file query.txt (compact mmCIF, C-alpha atoms)
# COMPACT_ATOMS: atom_id res chain seq x y z
CA MET F 775 0.00 0.00 0.00
CA LEU F 776 1.07 3.56 -0.71
CA ILE F 777 1.50 6.03 2.17
CA ASN F 778 1.52 9.77 1.48
CA ILE F 779 4.14 11.60 3.54
CA ILE F 780 3.74 15.37 3.60
CA ASP F 781 7.08 16.91 2.61
CA VAL F 782 7.28 20.70 2.91
CA GLY F 783 11.06 20.65 3.32
CA LEU F 784 10.80 20.31 7.08
CA GLY F 785 10.58 17.37 9.43
CA ASN F 786 12.25 14.00 9.69
CA ILE F 787 10.96 12.59 6.39
CA GLY F 788 13.84 10.14 5.98
CA SER F 789 13.14 8.45 9.31
CA ILE F 790 9.42 8.23 8.49
CA GLU F 791 10.22 6.69 5.11
CA HIS F 792 12.37 4.08 6.78
CA TRP F 793 9.58 3.31 9.25
CA VAL F 794 7.06 2.87 6.44
CA LYS F 795 9.42 0.70 4.38
CA SER F 796 10.22 -1.47 7.39
CA CYS F 797 6.56 -2.56 7.33
CA GLN F 798 6.65 -3.45 3.63
CA LEU F 799 4.64 -0.35 2.70
CA SER F 800 5.53 2.20 0.02
CA PRO F 801 6.22 5.77 1.13
CA LYS F 802 5.49 8.63 -1.27
CA ARG F 803 6.82 12.13 -0.59
CA VAL F 804 4.11 14.69 -1.29
CA THR F 805 5.45 18.16 -2.07
CA ASN F 806 2.36 19.61 -3.76
CA VAL F 807 -1.40 19.11 -3.91
CA SER F 808 -1.43 17.24 -7.21
CA GLN F 809 0.74 14.44 -5.77
CA LEU F 810 -1.70 13.49 -3.01
CA THR F 811 -3.47 10.18 -3.57
CA ASN F 812 -6.42 8.64 -1.74
CA ASP F 813 -4.12 6.61 0.48
CA PRO F 814 -3.35 7.36 4.16
CA ILE F 815 -1.52 10.61 4.83
CA ILE F 816 1.26 11.06 7.39
CA ILE F 817 2.07 14.53 8.71
CA PRO F 818 5.56 14.15 10.22
CA GLY F 819 7.24 15.90 13.15
CA VAL F 820 10.49 17.66 14.14
CA ALA F 821 10.08 21.35 13.18
CA SER F 822 8.29 24.41 14.56
CA ALA F 823 4.55 24.96 14.13
CA GLY F 824 4.79 28.47 12.66
CA GLU F 825 7.23 27.62 9.89
CA TYR F 826 5.46 24.33 9.16
CA MET F 827 2.00 25.91 8.86
CA ASP F 828 3.42 28.70 6.67
CA ARG F 829 4.82 26.16 4.23
CA LEU F 830 1.68 24.02 4.26
CA SER F 831 -0.34 27.13 3.52
CA SER F 832 1.91 28.42 0.73
CA LEU F 833 1.63 25.03 -1.00
CA LYS F 834 -2.16 24.95 -0.35
CA LEU F 835 -1.64 21.59 1.33
CA ASP F 836 -3.40 22.78 4.49
CA LYS F 837 -6.77 23.09 2.74
CA GLU F 838 -6.23 19.86 0.84
CA ILE F 839 -5.48 17.91 4.03
CA ILE F 840 -8.70 19.28 5.58
CA LYS F 841 -10.65 18.22 2.46
CA LYS F 842 -9.14 14.75 2.57
CA TYR F 843 -10.04 14.47 6.25
CA GLN F 844 -13.62 15.52 5.54
CA SER F 845 -13.86 12.90 2.80
CA GLY F 846 -12.86 10.17 5.28
CA GLN F 847 -9.24 9.63 4.28
CA LYS F 848 -6.96 8.38 7.08
CA ILE F 849 -4.76 11.15 8.49
CA ILE F 850 -1.85 10.27 10.81
CA GLY F 851 -0.05 13.01 12.75
CA ILE F 852 3.27 12.46 14.48
CA CYS F 853 4.57 14.81 17.22
CA LEU F 854 4.40 18.24 15.52
CA GLY F 855 2.10 16.65 12.92
CA PHE F 856 -0.26 15.79 15.79
CA GLN F 857 0.09 19.23 17.39
CA ILE F 858 -0.92 21.07 14.21
CA MET F 859 -4.11 19.00 14.00
CA MET F 860 -5.41 21.28 16.80
CA ASN F 861 -7.11 24.65 16.34
CA TYR F 862 -4.14 26.59 17.67
CA SER F 863 -0.55 26.27 18.90
CA GLU F 864 1.29 28.49 21.40
CA GLU F 865 4.57 27.90 19.55
CA ASP F 866 6.19 30.76 17.59
CA SER F 867 4.10 33.37 19.45
CA GLY F 868 0.84 31.70 18.44
CA VAL F 869 -0.14 29.86 15.27
CA ARG F 870 -3.52 29.02 13.77
CA CYS F 871 -3.44 25.31 12.89
CA LEU F 872 -5.51 22.82 10.85
CA GLY F 873 -8.40 22.46 13.30
CA LEU F 874 -8.98 18.77 12.59
CA LEU F 875 -9.28 18.18 16.35
CA ASN F 876 -10.87 20.55 18.84
CA GLY F 877 -8.06 21.64 21.13
CA ALA F 878 -4.84 23.59 21.52
CA THR F 879 -1.13 22.90 21.69
CA LYS F 880 0.56 24.46 24.72
CA TYR F 881 4.02 24.51 26.28
CA ILE F 882 4.44 21.93 29.03
CA LYS F 883 4.12 23.79 32.35
CA ASP F 884 7.21 25.23 34.10
CA LYS F 885 9.28 25.05 30.88
CA LYS F 886 9.59 21.30 31.32
CA THR F 887 10.23 18.89 28.48
CA HIS F 888 9.29 15.25 28.05
CA ASN F 889 12.13 13.02 26.84
CA GLY F 890 12.24 9.28 27.00
CA TRP F 891 10.26 6.08 26.86
CA GLU F 892 6.74 5.38 28.12
CA ASP F 893 4.70 2.19 28.16
CA PHE F 894 2.21 1.90 25.32
CA LYS F 895 -0.81 -0.34 24.95
CA VAL F 896 -3.62 -0.31 22.46
CA ASP F 897 -6.41 -2.84 22.17
CA THR F 898 -8.47 -2.27 19.05
CA ARG F 899 -11.54 -3.82 20.68
CA LYS F 900 -11.61 -0.98 23.20
CA VAL F 901 -11.24 1.88 20.72
CA LYS F 902 -14.55 3.13 19.38
CA HIS F 903 -15.53 5.30 16.43
CA ASN F 904 -12.46 5.11 14.26
CA ALA F 905 -11.51 4.04 10.76
CA PHE F 906 -8.23 2.34 11.56
CA PHE F 907 -9.03 -1.12 12.87
CA SER F 908 -11.71 -2.62 10.71
CA LYS F 909 -11.16 -6.26 9.72
CA LYS F 910 -7.79 -6.51 11.47
CA LYS F 911 -6.60 -9.89 12.69
CA GLN F 912 -4.09 -8.25 14.99
CA LYS F 913 -5.93 -6.74 17.96
CA LYS F 914 -3.24 -5.43 20.29
CA VAL F 915 0.07 -3.63 20.48
CA ASP F 916 1.90 -3.71 23.79
CA GLY F 917 5.35 -2.17 24.19
CA ARG F 918 7.00 1.20 24.73
CA VAL F 919 7.26 4.38 22.71
CA TYR F 920 9.70 7.29 22.55
CA PHE F 921 8.73 10.87 23.42
CA ASN F 922 10.81 14.02 22.78
CA HIS F 923 8.85 17.29 22.98
CA GLU F 924 8.32 20.55 24.85
CA LEU F 925 4.75 21.31 23.74
CA MET F 926 1.69 19.20 24.48
CA VAL F 927 -1.79 18.80 23.12
CA GLU F 928 -4.86 19.68 25.18
CA LEU F 929 -8.06 18.38 23.63
CA VAL F 930 -11.44 19.90 24.47
CA GLU F 931 -14.09 17.50 25.80
CA ASP F 932 -12.60 14.49 24.08
CA THR F 933 -12.70 11.13 25.76
CA SER F 934 -10.93 9.31 22.94
CA ALA F 935 -7.48 10.55 23.99
CA HIS F 936 -5.02 8.49 26.00
CA ILE F 937 -3.46 10.65 28.72
CA LEU F 938 -0.22 9.68 30.52
CA SER F 939 0.12 9.90 34.31
CA ASN F 940 2.06 13.17 33.89
CA GLY F 941 -0.94 14.75 32.14
CA ILE F 942 0.51 14.59 28.63
CA THR F 943 -1.73 13.42 25.80
CA SER F 944 0.00 10.39 24.31
CA HIS F 945 -2.32 9.70 21.37
CA VAL F 946 -5.86 9.92 20.10
CA PHE F 947 -7.93 7.85 17.68
CA LYS F 948 -10.94 9.75 16.42
CA ASP F 949 -12.87 8.84 13.29
CA ASN F 950 -10.27 8.80 10.51
CA ILE F 951 -7.59 10.61 12.56
CA PHE F 952 -4.75 9.06 14.52
CA GLY F 953 -2.57 11.59 16.29
CA MET F 954 0.39 10.64 18.45
CA GLN F 955 2.75 12.77 20.49
CA PHE F 956 5.46 10.10 20.52
CA HIS F 957 7.76 9.10 17.66
CA PRO F 958 6.69 5.68 16.33
CA GLU F 959 9.48 5.85 13.74
CA LYS F 960 11.99 5.84 16.64
CA SER F 961 10.12 3.40 18.85
CA GLN F 962 11.79 0.26 17.52
CA GLN F 963 9.58 -2.84 17.35
CA THR F 964 6.54 -1.18 18.98
CA GLY F 965 6.53 1.49 16.27
CA GLN F 966 6.51 -1.13 13.53
CA ASP F 967 3.79 -3.17 15.24
CA LEU F 968 1.68 -0.04 15.53
CA LEU F 969 1.98 0.86 11.85
CA LYS F 970 0.97 -2.67 10.86
CA LEU F 971 -2.05 -2.33 13.13
CA ILE F 972 -3.31 0.98 11.73
CA ILE F 973 -2.66 0.51 8.01
CA MET D 1163 9.21 7.61 32.63
CA SER D 1164 11.80 4.88 32.42
CA PHE D 1165 15.50 5.23 33.11
CA ARG D 1166 17.36 5.28 29.78
CA ILE D 1167 20.24 3.02 28.77
CA GLY D 1168 21.96 4.78 25.88
CA ALA D 1169 25.27 4.29 24.09
CA THR D 1170 27.94 6.73 22.94
CA VAL D 1171 29.72 6.20 19.63
CA LEU D 1172 32.55 8.35 18.33
CA LEU D 1173 32.82 9.06 14.62
CA ASP D 1174 35.85 10.24 12.67
CA CYS D 1175 35.70 12.33 9.51
CA ASN D 1176 36.15 9.21 7.32
CA GLY D 1177 32.94 7.65 8.55
CA LYS D 1178 34.69 5.21 10.88
CA ALA D 1179 33.44 4.49 14.38
CA LEU D 1180 36.07 4.91 17.08
CA GLN D 1181 36.57 3.54 20.52
CA SER D 1182 38.14 5.87 23.03
CA TYR D 1183 40.06 5.10 26.18
CA SER D 1184 40.68 7.64 28.98
CA PHE D 1185 39.86 10.44 26.56
CA GLN D 1186 43.23 9.94 24.83
CA THR D 1187 43.75 6.66 23.01
CA LYS D 1188 41.54 6.06 19.99
CA ARG D 1189 41.01 2.78 18.20
CA VAL D 1190 39.15 2.36 14.91
CA LEU D 1191 36.17 0.10 15.45
CA GLY D 1192 34.82 -0.12 11.91
CA CYS D 1193 32.11 1.19 9.65
CA ILE D 1194 29.81 3.57 11.52
CA LYS D 1195 26.72 2.32 9.67
CA ASN D 1196 27.35 -1.19 10.94
CA VAL D 1197 27.83 0.06 14.48
CA LEU D 1198 24.55 2.00 14.34
CA PHE D 1199 22.83 -1.02 12.87
CA PHE D 1200 24.04 -3.26 15.71
CA LEU D 1201 23.17 -0.78 18.45
CA ASN D 1202 19.72 -0.52 16.93
CA ALA D 1203 19.42 -4.31 16.99
CA TYR D 1204 20.58 -4.41 20.63
CA LYS D 1205 17.70 -2.03 21.42
CA VAL D 1206 19.65 0.60 23.30
CA ASP D 1207 17.28 3.40 24.32
CA GLU D 1208 19.21 6.06 22.42
CA ILE D 1209 22.49 6.58 20.60
CA HIS D 1210 24.79 9.56 21.12
CA LEU D 1211 26.98 10.05 18.08
CA ILE D 1212 29.93 12.35 18.71
CA ILE D 1213 32.53 13.67 16.26
CA PRO D 1214 35.57 14.37 18.47
CA LEU D 1215 36.71 17.87 17.59
CA LYS D 1216 39.73 18.22 19.89
CA GLY D 1217 40.76 21.62 18.61
CA LYS D 1218 40.51 20.71 14.94
CA GLY D 1219 38.04 22.02 12.40
CA VAL D 1220 35.72 19.38 10.99
CA ASN D 1221 33.14 19.45 8.24
CA THR D 1222 30.30 18.17 10.39
CA SER D 1223 27.58 18.28 7.74
CA LYS D 1224 29.77 16.33 5.28
CA THR D 1225 30.73 13.77 7.92
CA LEU D 1226 27.11 13.20 8.89
CA ALA D 1227 25.67 13.33 5.36
CA GLY D 1228 26.53 9.72 4.59
CA LEU D 1229 24.48 8.47 7.52
CA LYS D 1230 21.08 9.68 6.37
CA ASP D 1231 20.14 6.43 4.71
CA THR D 1232 21.10 4.28 7.70
CA PRO D 1233 17.86 2.51 8.56
CA ILE D 1234 17.64 2.69 12.33
CA SER D 1235 14.60 3.09 14.54
CA THR D 1236 16.46 4.16 17.67
CA PRO D 1237 16.54 7.79 18.87
CA LEU D 1238 19.76 9.44 17.76
CA SER D 1239 21.59 12.53 19.03
CA VAL D 1240 24.54 13.98 17.11
CA GLY D 1241 27.26 16.43 18.05
CA GLY D 1242 30.78 17.68 17.38
CA GLY D 1243 31.56 20.85 15.45
CA VAL D 1244 27.95 21.88 14.93
CA ASP D 1245 28.14 25.55 13.90
CA SER D 1246 25.74 27.96 12.18
CA VAL D 1247 26.70 26.71 8.71
CA SER D 1248 26.48 22.97 9.38
CA LEU D 1249 23.31 23.49 11.43
CA ILE D 1250 21.37 24.60 8.35
CA GLU D 1251 22.50 21.58 6.36
CA ILE D 1252 22.06 18.89 8.99
CA THR D 1253 18.61 20.07 10.11
CA LYS D 1254 17.13 19.97 6.58
CA ASP D 1255 15.83 16.44 7.02
CA PRO D 1256 16.95 15.46 10.49
CA TYR D 1257 17.31 11.74 10.96
CA PHE D 1258 18.28 12.51 14.54
CA GLU D 1259 16.14 13.89 17.36
CA ARG D 1260 18.67 15.91 19.30
CA LEU D 1261 21.86 17.93 18.95
CA ILE D 1262 24.84 17.73 21.29
CA PHE D 1263 27.00 20.80 22.01
CA ASN D 1264 30.25 21.43 23.85
CA SER D 1265 32.27 24.49 22.71
CA SER D 1266 29.16 26.56 22.04
CA ILE D 1267 28.18 26.23 25.69
CA PHE D 1268 31.25 28.15 26.82
CA ASP D 1269 31.52 31.08 24.49
CA ASP D 1270 28.97 32.14 21.95
CA ASN D 1271 25.58 30.54 22.49
CA GLU D 1272 24.21 31.84 19.17
CA VAL D 1273 24.31 28.47 17.38
CA ILE D 1274 22.46 26.87 20.31
CA LYS D 1275 19.80 29.58 20.09
CA GLN D 1276 19.41 28.88 16.35
CA ALA D 1277 19.20 25.15 17.00
CA THR D 1278 16.55 25.74 19.68
CA LEU D 1279 14.45 27.75 17.20
CA LYS D 1280 14.72 25.00 14.59
CA MET D 1281 14.28 21.92 16.75
CA GLY D 1282 13.01 23.07 20.14
CA HIS D 1283 14.60 23.22 23.60
CA GLN D 1284 13.99 19.49 24.10
CA ALA D 1285 16.57 18.83 21.36
CA ILE D 1286 19.51 20.57 23.05
CA VAL D 1287 22.02 18.40 24.91
CA GLY D 1288 25.25 19.58 26.55
CA TYR D 1289 28.34 17.38 26.41
CA ILE D 1290 30.38 17.78 29.61
CA PRO D 1291 33.56 15.70 29.83
CA PHE D 1292 35.18 16.36 33.22
CA ILE D 1293 38.17 15.57 35.38
CA LEU D 1294 38.44 16.09 39.11
CA LYS D 1295 41.74 17.59 40.20
CA LYS D 1296 42.71 18.81 43.66
CA ASN D 1297 39.10 19.00 44.75
CA THR D 1298 37.98 21.07 41.80
CA ILE D 1299 36.15 20.15 38.64
CA LYS D 1300 37.60 20.94 35.23
CA ILE D 1301 35.44 20.75 32.13
CA TYR D 1302 36.69 19.93 28.66
CA HIS D 1303 36.44 22.68 26.03
CA SER D 1304 36.73 20.94 22.68
CA LYS D 1305 37.74 23.94 20.53
CA ARG D 1306 40.56 24.76 22.92
CA ASN D 1307 41.28 21.06 23.45
CA LYS D 1308 41.84 21.45 27.17
CA PHE D 1309 40.11 21.02 30.50
CA ILE D 1310 39.33 24.38 32.08
CA ASP D 1311 37.95 25.80 35.31
CA VAL D 1312 34.39 27.05 35.18
CA SER D 1313 32.50 29.63 37.24
CA ASP D 1314 29.01 29.53 38.78
CA LYS D 1315 27.84 31.48 35.73
CA PHE D 1316 28.76 28.50 33.52
CA TRP D 1317 26.33 26.26 35.41
CA GLU D 1318 23.58 28.88 35.30
CA ASN D 1319 24.04 29.28 31.56
CA LEU D 1320 24.18 25.51 31.03
CA ASN D 1321 20.92 25.11 32.92
CA SER D 1322 19.15 27.71 30.81
CA ILE D 1323 20.37 26.64 27.34
CA CYS D 1324 20.55 22.85 27.62
CA ASN D 1325 17.64 20.54 28.22
CA GLU D 1326 19.86 17.66 29.30
CA VAL D 1327 23.58 17.01 29.70
CA ILE D 1328 25.86 14.03 29.22
CA LEU D 1329 28.39 14.06 32.03
CA LEU D 1330 31.46 12.12 30.92
CA ASP D 1331 34.14 10.97 33.35
CA ALA D 1332 37.09 11.49 31.02
CA ASN D 1333 39.59 9.50 33.07
CA ALA D 1334 37.28 6.48 33.27
CA GLU D 1335 36.18 6.59 29.63
CA GLY D 1336 36.37 3.31 27.79
CA GLY D 1337 37.38 1.22 30.78
CA GLY D 1338 35.52 -0.61 33.50
CA LYS D 1339 36.90 0.99 36.64
CA GLY D 1340 33.74 2.91 37.43
CA PHE D 1341 32.28 6.39 37.17
CA ASN D 1342 33.45 8.96 39.71
CA PHE D 1343 30.24 10.02 41.47
CA LYS D 1344 32.15 12.62 43.50
CA VAL D 1345 31.53 14.90 40.55
CA PHE D 1346 28.05 15.60 41.88
CA GLN D 1347 29.65 17.58 44.74
CA PHE D 1348 30.87 20.09 42.18
CA PHE D 1349 28.15 19.86 39.61
CA ASN D 1350 25.23 22.26 39.60
CA PHE D 1351 22.50 21.02 37.27
CA PRO D 1352 19.15 19.25 37.93
CA ILE D 1353 20.07 15.59 38.21
CA ASN D 1354 16.87 14.34 36.58
CA ARG D 1355 18.21 15.88 33.37
CA VAL D 1356 21.65 14.25 33.55
CA LEU D 1357 22.99 11.18 31.77
CA ILE D 1358 26.33 9.87 32.97
CA SER D 1359 28.99 8.20 30.86
CA GLY D 1360 32.52 6.85 31.20
CA GLY D 1361 33.66 3.50 32.56
CA LEU D 1362 30.25 2.58 33.92
CA THR D 1363 29.86 -0.64 35.87
CA LYS D 1364 26.60 -2.45 36.69
CA LEU D 1365 26.80 -1.00 40.20
CA ASP D 1366 27.19 2.50 38.75
CA ILE D 1367 24.08 1.99 36.65
CA SER D 1368 22.10 0.85 39.70
CA LYS D 1369 23.33 3.88 41.61
CA ALA D 1370 22.36 6.19 38.75
CA LYS D 1371 18.86 4.68 38.82
CA GLU D 1372 18.61 5.19 42.57
CA MET D 1373 19.70 8.81 42.19
CA LYS D 1374 16.92 9.22 39.61
CA LEU D 1375 19.25 10.43 36.89
CA ALA D 1376 17.75 10.55 33.40
CA GLY D 1377 19.94 7.67 32.28
CA VAL D 1378 23.38 6.48 31.27
CA SER D 1379 25.34 6.47 28.05
CA LEU D 1380 27.52 3.39 27.85
CA ASP D 1381 30.80 3.58 25.97
CA ASN D 1382 32.90 0.68 24.76
CA ILE D 1383 31.17 -1.85 27.01
CA THR D 1384 28.08 -1.80 24.78
CA LEU D 1385 29.96 -3.15 21.83
CA HIS D 1386 31.94 -5.67 23.82
CA SER D 1387 28.98 -7.23 25.63
CA GLU D 1388 26.13 -6.47 23.32
CA PHE D 1389 23.62 -8.82 24.86
CA SER D 1390 23.77 -7.06 28.21
CA ILE D 1391 21.44 -4.17 27.38
CA ARG D 1392 18.26 -5.89 28.54
CA GLY D 1393 19.97 -7.07 31.69
CA LEU D 1394 20.94 -3.53 32.56
CA ARG D 1395 17.40 -2.15 32.47
call {"tool": "encode", "arguments": {"input": "query.txt", "output": "structure tokens"}}
result
Amino acid sequence: MLINIIDVGLGNIGSIEHWVKSCQLSPKRVTNVSQLTNDPIIIPGVASAGEYMDRLSSLKLDKEIIKKYQSGQKIIGICLGFQIMMNYSEEDSGVRCLGLLNGATKYIKDKKTHNGWEDFKVDTRKVKHNAFFSKKKQKKVDGRVYFNHELMVELVEDTSAHILSNGITSHVFKDNIFGMQFHPEKSQQTGQDLLKLII
Amino acid sequence: MSFRIGATVLLDCNGKALQSYSFQTKRVLGCIKNVLFFLNAYKVDEIHLIIPLKGKGVNTSKTLAGLKDTPISTPLSVGGGVDSVSLIEITKDPYFERLIFNSSIFDDNEVIKQATLKMGHQAIVGYIPFILKKNTIKIYHSKRNKFIDVSDKFWENLNSICNEVILLDANAEGGGKGFNFKVFQFFNFPINRVLISGGLTKLDISKAKEMKLAGVSLDNITLHSEFSIRGLR
């Protein structure tokens, strides 16, 4: 299967490509609207929200991603890619984002950062209202995932998010969206198991 | 959050991995890509890739360019000679999560500020090789290639610009005689943001866990007893 990877000249595209290939899937770098197919879309991480949204906007990819979301296409956001799914981000003095999820991205309190590994479990039978798990033989992923960030997502009235004990939103499945604050592409075997589960 | 067991690898400008002993003797280990591949397979929590500058100029972006297609799924930090010019090149499509700095901590912090804007504060790691001499701490300054005294202001600055630090016991590096924990008497930085490195033993790793340090970065031991990583967790 083909996987669209948004490439606006920012973010760790190479690592995402490797992750996709490691699961016998075919990554496709998307640098303009005409290259987008009807396959799942990954919005990668490692950049700042302001610069990333500027580039998405100048390439008109922001509006196209919203259209694809509205048409039911699977959208996967990783770290910054997850954060810009919100309405707004505090980064770069405040940035209007894609608004795919109702919430905001804020700095972790007291200028703290979140670096390291956390336990991760997902059981598809317990996740409701999403497009990712239909007809899957594999039902569970159980392992650990790698976090490295200084901003965090705060969703409004959303019970589909998984929150860590330190208050940080780890990930959310909602309809055809899967957003994750951690880096699955750097989460070794768990990251690969997760991609196989959602694609 | 779990205690991290990382590994440090040195890289020369020809793309060869090096082993280092007591911060002086270097031995070529082999192709860096193979070393990264093996560390990835051993499931270390993170890899710290350092280009030893030691007073020499290096073309960091050129040295690192050949690594971009190395298929690893382990968090990677890179450092050694990162300046304003190489920063632009190496952050274009970063296959690493964090940047490691030494010289820039001492003098001009401008490159660290630029790196923070591009990658965020969480991506900034300080590299602090030290020796203890006559009850004082001396910190290695890679551009000057010498261990120097530092003031209280150094620690304040380090705390504000670096998210985490790797504290390397230079005398113990590469061996198995143990990390010198006395350094914490002279070291002024939040310990939950410190990784220690240099001659670590199993006891040292247990002690680091008890102290609630962020983690450890193993040196040569990782590549000599590769199957030990799980046992060290």
call {"tool": "closest_atom_pairs", "arguments": {"input": "query.txt", "of": "chain D", "to": "chain F", "cutoff": "9 Å", "atoms": "all atoms listed in the file", "output": "CSV"}}
result
residue,atom,partner,partner_atom,distance
D:Met1163,CA,F:Glu892,CA,5.6
D:Ser1164,CA,F:Trp891,CA,5.9
D:Phe1165,CA,F:Gly890,CA,8.0
D:Arg1166,CA,F:Gly890,CA,7.1
D:Asn1202,CA,F:Gln962,CA,8.0
D:Ala1203,CA,F:Gln962,CA,8.9
D:Lys1205,CA,F:Gln962,CA,7.4
D:Asp1207,CA,F:Trp891,CA,7.9
D:Glu1208,CA,F:Gly890,CA,8.9
D:Lys1230,CA,F:Gly788,CA,7.3
D:Asp1231,CA,F:Gly788,CA,7.4
D:Thr1232,CA,F:His792,CA,8.8
D:Pro1233,CA,F:His792,CA,6.0
D:Ile1234,CA,F:Lys960,CA,7.8
D:Ser1235,CA,F:Lys960,CA,4.3
D:Thr1236,CA,F:Lys960,CA,4.9
D:Pro1237,CA,F:Lys960,CA,5.4
D:Leu1238,CA,F:Lys960,CA,8.6
D:Thr1253,CA,F:Leu784,CA,8.4
D:Lys1254,CA,F:Leu784,CA,6.4
D:Asp1255,CA,F:Asn786,CA,5.1
D:Pro1256,CA,F:Asn786,CA,5.0
D:Tyr1257,CA,F:Ser789,CA,5.6
D:Phe1258,CA,F:Asn786,CA,7.9
D:Glu1259,CA,F:Val820,CA,7.5
D:Arg1260,CA,F:Asn922,CA,8.8
D:Leu1279,CA,F:Ser822,CA,7.5
D:Lys1280,CA,F:Ala821,CA,6.1
D:Met1281,CA,F:Ala821,CA,5.5
D:Gly1282,CA,F:Glu924,CA,7.1
D:His1283,CA,F:Glu924,CA,6.9
D:Gln1284,CA,F:His923,CA,5.7
D:Ala1285,CA,F:Asn922,CA,7.6
D:Asn1325,CA,F:Thr887,CA,7.6
D:Ala1376,CA,F:Gly890,CA,8.5
call {"tool": "residues_near_point", "arguments": {"input": "query.txt", "point": "(-5.4, 8.2, 0.3)", "cutoff": "8 Å", "atoms": "all atoms listed in the file", "output": "list in words"}}
result
Ile777, Asn778, Leu810, Thr811, Asn812, Asp813, Pro814, Ile815, Lys842, Gln847 and Lys848 of chain F
call {"tool": "write_last_selection", "arguments": {"input": "query.txt", "atoms": "C-alpha atoms", "output": "PDB file, in the coordinates of the input"}}
result
ATOM      1  CA  ILE F 777       1.500   6.030   2.170  1.00  0.00           C
ATOM      2  CA  ASN F 778       1.520   9.770   1.480  1.00  0.00           C
ATOM      3  CA  LEU F 810      -1.700  13.490  -3.010  1.00  0.00           C
ATOM      4  CA  THR F 811      -3.470  10.180  -3.570  1.00  0.00           C
ATOM      5  CA  ASN F 812      -6.420   8.640  -1.740  1.00  0.00           C
ATOM      6  CA  ASP F 813      -4.120   6.610   0.480  1.00  0.00           C
ATOM      7  CA  PRO F 814      -3.350   7.360   4.160  1.00  0.00           C
ATOM      8  CA  ILE F 815      -1.520  10.610   4.830  1.00  0.00           C
ATOM      9  CA  LYS F 842      -9.140  14.750   2.570  1.00  0.00           C
ATOM     10  CA  GLN F 847      -9.240   9.630   4.280  1.00  0.00           C
ATOM     11  CA  LYS F 848      -6.960   8.380   7.080  1.00  0.00           C
TER      12      LYS F 848
END
call {"tool": "residues_around", "arguments": {"input": "query.txt", "residues": "F:Leu929", "least_positions_apart": "6", "cutoff": "8 Å", "atoms": "all atoms listed in the file", "output": "PDB file with C-alpha atoms, in the coordinates of the input"}}
result
ATOM      1  CA  MET F 860      -5.410  21.280  16.800  1.00  0.00           C
ATOM      2  CA  LEU F 875      -9.280  18.180  16.350  1.00  0.00           C
ATOM      3  CA  ASN F 876     -10.870  20.550  18.840  1.00  0.00           C
ATOM      4  CA  GLY F 877      -8.060  21.640  21.130  1.00  0.00           C
ATOM      5  CA  ALA F 878      -4.840  23.590  21.520  1.00  0.00           C
ATOM      6  CA  ALA F 935      -7.480  10.550  23.990  1.00  0.00           C
TER       7      ALA F 935
END
call {"tool": "closest_residue", "arguments": {"input": "query.txt", "among": "D:Lys1188, D:Asn1264, D:Leu1172, D:Glu1272", "to": "D:Thr1225", "atoms": "all atoms listed in the file"}}
result
D:Leu1172
call {"tool": "residues_around", "arguments": {"input": "query.txt", "residues": "stretch 1305-1311 of chain D", "least_positions_apart": "2", "cutoff": "12 Å", "atoms": "all atoms listed in the file", "output": "ChimeraX atom specification"}}
result
/D:1185-1186,1214-1220,1242-1245,1263-1269,1290-1303,1313-1317,1332-1333,1348
call {"tool": "residues_around", "arguments": {"input": "query.txt", "residues": "F:Phe856", "least_positions_apart": "5", "cutoff": "7 Å", "atoms": "only C-alpha atoms", "output": "list in words"}}
result
Gly851, Gly953, Met954 and Gln955 of chain F
call {"tool": "closest_residue", "arguments": {"input": "query.txt", "among": "D:Ala1277, D:Met1373, D:Leu1362, D:Ile1367", "to": "D:Phe1346", "atoms": "only C-alpha atoms"}}
result
D:Met1373
call {"tool": "atom_distance", "arguments": {"input": "query.txt", "atom1": "atom CA of D:Gly1338", "atom2": "atom CA of D:Gly1361"}}
result
4.6 Å
call {"tool": "residues_around", "arguments": {"input": "query.txt", "residues": "F:Leu874", "least_positions_apart": "6", "cutoff": "8 Å", "atoms": "all atoms listed in the file", "output": "number ranges by chain"}}
result
F: 840, 843, 859-861
call {"tool": "atom_distance", "arguments": {"input": "query.txt", "atom1": "atom CA of F:Lys948", "atom2": "atom CA of F:Cys871"}}
result
17.6 Å
call {"tool": "residues_around", "arguments": {"input": "query.txt", "residues": "F:Val896", "least_positions_apart": "4", "cutoff": "9 Å", "atoms": "only C-alpha atoms", "output": "list in words"}}
result
Lys900, Val901, Lys913, Lys914, Val915, Asp916 and Leu968 of chain F
